[in-house]
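Below: the structure, in structure tokens.
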Amino acid sequence: DQQVKQNSPSLSVQEGRISILNCDYTNSMFDYFLWYKKYPAEGPTFLISISSIKDKNEDGRFTVFLNKSAKHLSLHIVPSQPGDSAVYFCAASGAGNNDMRFGAGTRLTVKP
Amino acid sequence: NAGVMQNPRHLVRRRGQEARLRCSPMKGHSHVYWYRQLPEEGLKFMVYLQKENIIDESGMPKERFSAEFPKEGPSILRIQQVVRGDSAAYFCASSSSGLSGELFFGEGSRLTVL
């Protein structure tokens, strides 16, 4: 049962442009959402999060948007840089971290 | 390095052997989570442990897999009688609280079953 879905396995963007990564979830009990970034041969690292009481959270070049009615969140990276090239995982959780579920990931490639 | 430490980074086993993966959580963290990543797939939750207790093992296969987090020492994920389908990257994460928040991941242990 895939409760968190990232339907785009890959995305390619030109340096300086905006990258938009999308994520959908099915469990209405999820109330905390995170994005993790993963480089090859490394573990995922936390990037940005948002709780269900907000619809937008911004941290530098990274902004996460949450649409609760659509059960959809997105990560915007602007401007995109080659160093942003990585796999991005969307995650959602409910009451506890053991409820955290991850999407399959989207591989972002930022071309110079 | 005060981060989550996993070892070995790479482990090769033949079918039928045992695999033991170790995880030392970040300093001050008492909550440990194990995830498995199969090729081209996301991270699948396996088990959540606190010191000496398994809190949630709903993602753990019923047979051959076990986990522990003793009072002293690292958390261990043990896979008995490995099969080729066990080949995957196994990630450990830790947190200071069991409540929803950021997880800190180790670099993973890549298991290859020949």
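Labels for the structure tokens follow display order: chains A, B, ..., residues from 1 in each chain, ligands from 1.
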
Within 8 Å of chain B, which residues of chain A show up? Give each one with its shortest atom-to-atom distance in Å (one decimal) and the two atoms involved, counting only C-alpha atoms, rows by chain then rising residue number, as a tab-separated table.
```
residue	atom	partner	partner_atom	distance
A:Tyr32	CA	B:Ser100	CA	6.9
A:Leu34	CA	B:Glu102	CA	7.8
A:Ala41	CA	B:Glu107	CA	6.9
A:Glu42	CA	B:Glu107	CA	4.6
A:Gly43	CA	B:Glu107	CA	4.0
A:Pro44	CA	B:Phe105	CA	6.0
A:Thr45	CA	B:Phe105	CA	6.7
A:Phe46	CA	B:Glu102	CA	6.7
A:Phe89	CA	B:Gly42	CA	7.6
A:Ser93	CA	B:Ser100	CA	6.4
A:Gly94	CA	B:Ser100	CA	6.7
A:Ala95	CA	B:Ser100	CA	6.0
A:Gly96	CA	B:Leu99	CA	4.2
A:Asn97	CA	B:Ser100	CA	4.7
A:Asn98	CA	B:Tyr48	CA	6.1
A:Met100	CA	B:Phe45	CA	7.7
A:Arg101	CA	B:Phe45	CA	7.0
A:Phe102	CA	B:Leu43	CA	5.7
A:Gly103	CA	B:Gly42	CA	5.5
A:Ala104	CA	B:Gly42	CA	3.6
A:Gly105	CA	B:Gly42	CA	5.9
```

Give me a file of those residues, with all heavy atoms, as a short mmCIF file (atom, residue, chain, number, x, y, z; two decimals), in the first residue's frame.
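Output file out14.cif is given in full below:
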```cif
data_model
loop_
_atom_site.label_atom_id
_atom_site.label_comp_id
_atom_site.auth_asym_id
_atom_site.auth_seq_id
_atom_site.Cartn_x
_atom_site.Cartn_y
_atom_site.Cartn_z
N TYR A 32 2.40 15.79 8.99
CA TYR A 32 3.73 16.39 8.97
C TYR A 32 4.43 15.85 7.74
O TYR A 32 4.43 14.63 7.51
CB TYR A 32 4.49 16.02 10.24
CG TYR A 32 5.78 16.77 10.45
CD1 TYR A 32 5.78 18.13 10.71
CD2 TYR A 32 7.00 16.11 10.41
CE1 TYR A 32 6.96 18.82 10.91
CE2 TYR A 32 8.19 16.79 10.60
CZ TYR A 32 8.16 18.14 10.85
OH TYR A 32 9.33 18.82 11.04
N LEU A 34 7.83 16.05 4.94
CA LEU A 34 9.24 16.38 4.85
C LEU A 34 9.77 16.07 3.46
O LEU A 34 9.24 15.22 2.75
CB LEU A 34 10.06 15.57 5.86
CG LEU A 34 9.60 15.52 7.31
CD1 LEU A 34 8.65 14.36 7.55
CD2 LEU A 34 10.79 15.40 8.25
N ALA A 41 25.45 6.85 -2.74
CA ALA A 41 26.30 6.26 -1.70
C ALA A 41 26.26 7.02 -0.38
O ALA A 41 27.15 6.86 0.46
CB ALA A 41 27.75 6.15 -2.18
N GLU A 42 25.26 7.85 -0.20
CA GLU A 42 25.08 8.53 1.07
C GLU A 42 23.67 8.29 1.59
O GLU A 42 22.79 7.85 0.86
CB GLU A 42 25.31 10.04 0.92
CG GLU A 42 26.74 10.41 0.56
CD GLU A 42 26.94 11.91 0.54
OE1 GLU A 42 26.05 12.65 1.00
OE2 GLU A 42 28.00 12.35 0.04
N GLY A 43 23.48 8.58 2.88
CA GLY A 43 22.14 8.49 3.42
C GLY A 43 21.33 9.73 3.10
O GLY A 43 21.88 10.77 2.75
N PRO A 44 20.00 9.62 3.20
CA PRO A 44 19.16 10.81 2.98
C PRO A 44 19.44 11.87 4.03
O PRO A 44 19.70 11.56 5.19
CB PRO A 44 17.73 10.26 3.13
CG PRO A 44 17.86 8.78 2.96
CD PRO A 44 19.21 8.42 3.48
N THR A 45 19.39 13.11 3.63
CA THR A 45 19.54 14.22 4.57
C THR A 45 18.30 15.10 4.49
O THR A 45 17.76 15.35 3.41
CB THR A 45 20.79 15.05 4.29
OG1 THR A 45 20.76 15.49 2.93
CG2 THR A 45 22.05 14.25 4.52
N PHE A 46 17.90 15.56 5.65
CA PHE A 46 16.71 16.39 5.75
C PHE A 46 16.90 17.71 5.01
O PHE A 46 17.96 18.33 5.09
CB PHE A 46 16.41 16.65 7.22
CG PHE A 46 15.35 17.68 7.47
CD1 PHE A 46 14.02 17.37 7.28
CD2 PHE A 46 15.69 18.95 7.88
CE1 PHE A 46 13.04 18.32 7.50
CE2 PHE A 46 14.71 19.91 8.11
CZ PHE A 46 13.38 19.59 7.91
N PHE A 89 13.37 12.66 -1.85
CA PHE A 89 12.31 11.83 -1.31
C PHE A 89 11.32 12.70 -0.56
O PHE A 89 11.70 13.53 0.28
CB PHE A 89 12.87 10.79 -0.33
CG PHE A 89 13.66 9.70 -0.99
CD1 PHE A 89 15.05 9.73 -0.97
CD2 PHE A 89 13.03 8.64 -1.61
CE1 PHE A 89 15.79 8.73 -1.57
CE2 PHE A 89 13.76 7.63 -2.21
CZ PHE A 89 15.15 7.67 -2.19
N SER A 93 4.25 11.83 7.79
CA SER A 93 4.06 11.08 9.02
C SER A 93 2.85 11.58 9.78
O SER A 93 2.34 12.67 9.54
CB SER A 93 5.31 11.14 9.90
OG SER A 93 5.48 12.44 10.42
N GLY A 94 2.41 10.73 10.69
CA GLY A 94 1.28 11.08 11.52
C GLY A 94 1.74 11.40 12.92
O GLY A 94 2.52 12.29 13.15
N ALA A 95 1.28 10.60 13.88
CA ALA A 95 1.59 10.90 15.28
C ALA A 95 3.06 10.70 15.62
O ALA A 95 3.61 11.41 16.46
CB ALA A 95 0.72 10.04 16.18
N GLY A 96 3.69 9.74 14.99
CA GLY A 96 5.05 9.44 15.36
C GLY A 96 5.92 9.16 14.16
O GLY A 96 5.43 8.92 13.05
N ASN A 97 7.22 9.17 14.40
CA ASN A 97 8.16 8.92 13.30
C ASN A 97 8.01 7.52 12.71
O ASN A 97 8.35 7.30 11.55
CB ASN A 97 9.59 9.14 13.77
CG ASN A 97 9.95 10.60 13.84
OD1 ASN A 97 9.43 11.42 13.10
ND2 ASN A 97 10.85 10.94 14.76
N ASN A 98 7.51 6.57 13.51
CA ASN A 98 7.34 5.23 12.95
C ASN A 98 6.20 5.19 11.94
O ASN A 98 6.05 4.22 11.21
CB ASN A 98 7.12 4.20 14.05
CG ASN A 98 5.94 4.55 14.94
OD1 ASN A 98 5.87 5.64 15.47
ND2 ASN A 98 5.02 3.61 15.12
N MET A 100 6.17 7.40 9.62
CA MET A 100 6.72 8.11 8.47
C MET A 100 6.81 7.17 7.27
O MET A 100 7.38 6.08 7.36
CB MET A 100 8.09 8.71 8.78
CG MET A 100 8.57 9.70 7.73
SD MET A 100 10.10 10.53 8.19
CE MET A 100 9.57 11.46 9.64
N ARG A 101 6.29 7.62 6.14
CA ARG A 101 6.32 6.84 4.92
C ARG A 101 6.94 7.69 3.82
O ARG A 101 6.71 8.89 3.74
CB ARG A 101 4.92 6.39 4.52
CG ARG A 101 4.25 5.47 5.54
CD ARG A 101 4.99 4.17 5.67
NE ARG A 101 4.38 3.26 6.65
CZ ARG A 101 4.77 3.12 7.89
NH1 ARG A 101 5.80 3.84 8.36
NH2 ARG A 101 4.17 2.28 8.70
N PHE A 102 7.71 7.03 2.99
CA PHE A 102 8.48 7.71 1.96
C PHE A 102 7.94 7.40 0.57
O PHE A 102 7.48 6.28 0.31
CB PHE A 102 9.95 7.29 2.03
CG PHE A 102 10.70 7.88 3.19
CD1 PHE A 102 10.57 7.33 4.46
CD2 PHE A 102 11.54 8.96 3.02
CE1 PHE A 102 11.26 7.87 5.54
CE2 PHE A 102 12.24 9.50 4.08
CZ PHE A 102 12.09 8.95 5.35
N GLY A 103 8.06 8.36 -0.31
CA GLY A 103 7.81 8.12 -1.71
C GLY A 103 9.00 7.41 -2.34
O GLY A 103 10.03 7.20 -1.70
N ALA A 104 8.86 7.07 -3.61
CA ALA A 104 9.90 6.32 -4.32
C ALA A 104 11.07 7.20 -4.75
O ALA A 104 12.10 6.69 -5.17
CB ALA A 104 9.32 5.61 -5.53
N GLY A 105 10.89 8.51 -4.67
CA GLY A 105 11.97 9.42 -5.01
C GLY A 105 11.87 9.95 -6.43
O GLY A 105 11.32 9.30 -7.32
#
```

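Residues in contact with Gln80 in chain B at up to 12 Å, not including ones fewer than 4 positions away on its chain and judged by only C-alpha atoms, are B:Arg13, B:Arg14, B:Arg15, B:Gly16, B:Gln17, B:Glu18, B:Ala19, B:Arg20, B:Leu21, B:Pro61, B:Lys62, B:Glu63, B:Arg64, B:Phe65, B:Ser66, B:Ala67, B:Asp86, B:Val113.
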
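CA of Gln6 in chain A is found 28.9 Å from CA of Val83 in chain B.
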
Apply DSSP to the backbone of this structure and, from chain B, keep only the residues in strand (DSSP E or B); write these as number ranges by chain.
B: 5-7, 10-13, 19-24, 31-37, 43-50, 53-56, 65-68, 75-79, 88-95, 99, 104-105, 109-113

Find the distance between CA of Glu15 in chain A and CA of Pro79 in chain A and write it in Å to one decimal.
7.2 Å

With only C-alpha atoms as the counted atoms, please give the residues lying no more than 6 Å from range 25-31 of chain A, apart from itself and same-chain residues fewer than 5 positions off, as an mmCIF file with N, CA and C atoms, in the first residue's frame.
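Output file part-v5.cif is given in full below:
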```cif
data_model
loop_
_atom_site.group_PDB
_atom_site.id
_atom_site.type_symbol
_atom_site.label_atom_id
_atom_site.label_comp_id
_atom_site.auth_asym_id
_atom_site.auth_seq_id
_atom_site.Cartn_x
_atom_site.Cartn_y
_atom_site.Cartn_z
ATOM 1 N N GLN A 3 1.371 4.787 0.340
ATOM 2 C CA GLN A 3 0.633 5.910 0.884
ATOM 3 C C GLN A 3 1.217 7.250 0.435
ATOM 4 N N VAL A 4 2.442 7.229 -0.019
ATOM 5 C CA VAL A 4 3.100 8.447 -0.493
ATOM 6 C C VAL A 4 3.640 8.160 -1.889
ATOM 7 N N SER A 51 4.240 21.445 8.476
ATOM 8 C CA SER A 51 3.160 20.806 9.219
ATOM 9 C C SER A 51 1.835 21.154 8.560
ATOM 10 N N SER A 52 0.826 20.389 8.915
ATOM 11 C CA SER A 52 -0.455 20.530 8.230
ATOM 12 C C SER A 52 -1.182 21.840 8.559
ATOM 13 N N LYS A 71 -4.408 16.678 -1.045
ATOM 14 C CA LYS A 71 -3.405 15.737 -0.532
ATOM 15 C C LYS A 71 -2.162 15.756 -1.436
ATOM 16 N N ALA A 92 5.948 11.557 4.682
ATOM 17 C CA ALA A 92 4.802 12.044 5.451
ATOM 18 C C ALA A 92 4.665 11.202 6.707
ATOM 19 N N SER A 93 4.247 11.832 7.786
ATOM 20 C CA SER A 93 4.062 11.075 9.023
ATOM 21 C C SER A 93 2.849 11.576 9.779
ATOM 22 N N GLY A 94 2.406 10.730 10.690
ATOM 23 C CA GLY A 94 1.275 11.085 11.520
ATOM 24 C C GLY A 94 1.736 11.401 12.923
#
```

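CA of Leu66 in chain A to CA of Ser19 in chain A spans 16.2 Å [interatomic distance, one decimal].
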
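With only C-alpha atoms as the atoms that count, the residue of A:Asp59, A:Ala86, A:Tyr36, A:Ala70 with the shortest distance to Leu108 in chain A is A:Ala86.
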
Smallest atom-to-atom distance to Glu68 in chain B: which of B:Leu11, B:Cys23, B:Val82, B:Ala2, using only C-alpha atoms?
B:Cys23

DSSP on the backbone, then: every residue of chain A marked helix (DSSP H, G or I), written as number ranges by chain.
A: 82-84, 97-99

Create the file for the chosen residues now, containing N, CA and C atoms and written as an mmCIF file, in the first residue's frame.
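Result saved to again33.cif:
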```cif
data_model
loop_
_atom_site.group_PDB
_atom_site.id
_atom_site.type_symbol
_atom_site.label_atom_id
_atom_site.label_comp_id
_atom_site.auth_asym_id
_atom_site.auth_seq_id
_atom_site.Cartn_x
_atom_site.Cartn_y
_atom_site.Cartn_z
ATOM 1 N N PRO A 82 23.588 23.119 -10.193
ATOM 2 C CA PRO A 82 24.060 21.750 -10.479
ATOM 3 C C PRO A 82 24.242 20.915 -9.221
ATOM 4 N N GLY A 83 24.633 21.533 -8.122
ATOM 5 C CA GLY A 83 24.801 20.804 -6.864
ATOM 6 C C GLY A 83 23.495 20.294 -6.287
ATOM 7 N N ASP A 84 22.379 20.743 -6.825
ATOM 8 C CA ASP A 84 21.077 20.239 -6.373
ATOM 9 C C ASP A 84 20.753 18.885 -6.994
ATOM 10 N N ASN A 97 7.218 9.174 14.397
ATOM 11 C CA ASN A 97 8.156 8.922 13.299
ATOM 12 C C ASN A 97 8.005 7.525 12.714
ATOM 13 N N ASN A 98 7.514 6.574 13.510
ATOM 14 C CA ASN A 98 7.341 5.232 12.953
ATOM 15 C C ASN A 98 6.201 5.187 11.941
ATOM 16 N N ASP A 99 5.406 6.261 11.911
ATOM 17 C CA ASP A 99 4.373 6.364 10.881
ATOM 18 C C ASP A 99 4.916 6.973 9.598
#
```

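Compared by their closest atoms to Ser24 in chain B, and using only C-alpha atoms, the residues B:Phe69, B:Leu111, B:Gln6, B:Gln50 rank with B:Gln6 nearest.
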
Between A:Arg17, A:His76, A:Lys5, A:Lys38, single out the one closest to Gly60 in chain A, counting only C-alpha atoms.
A:His76
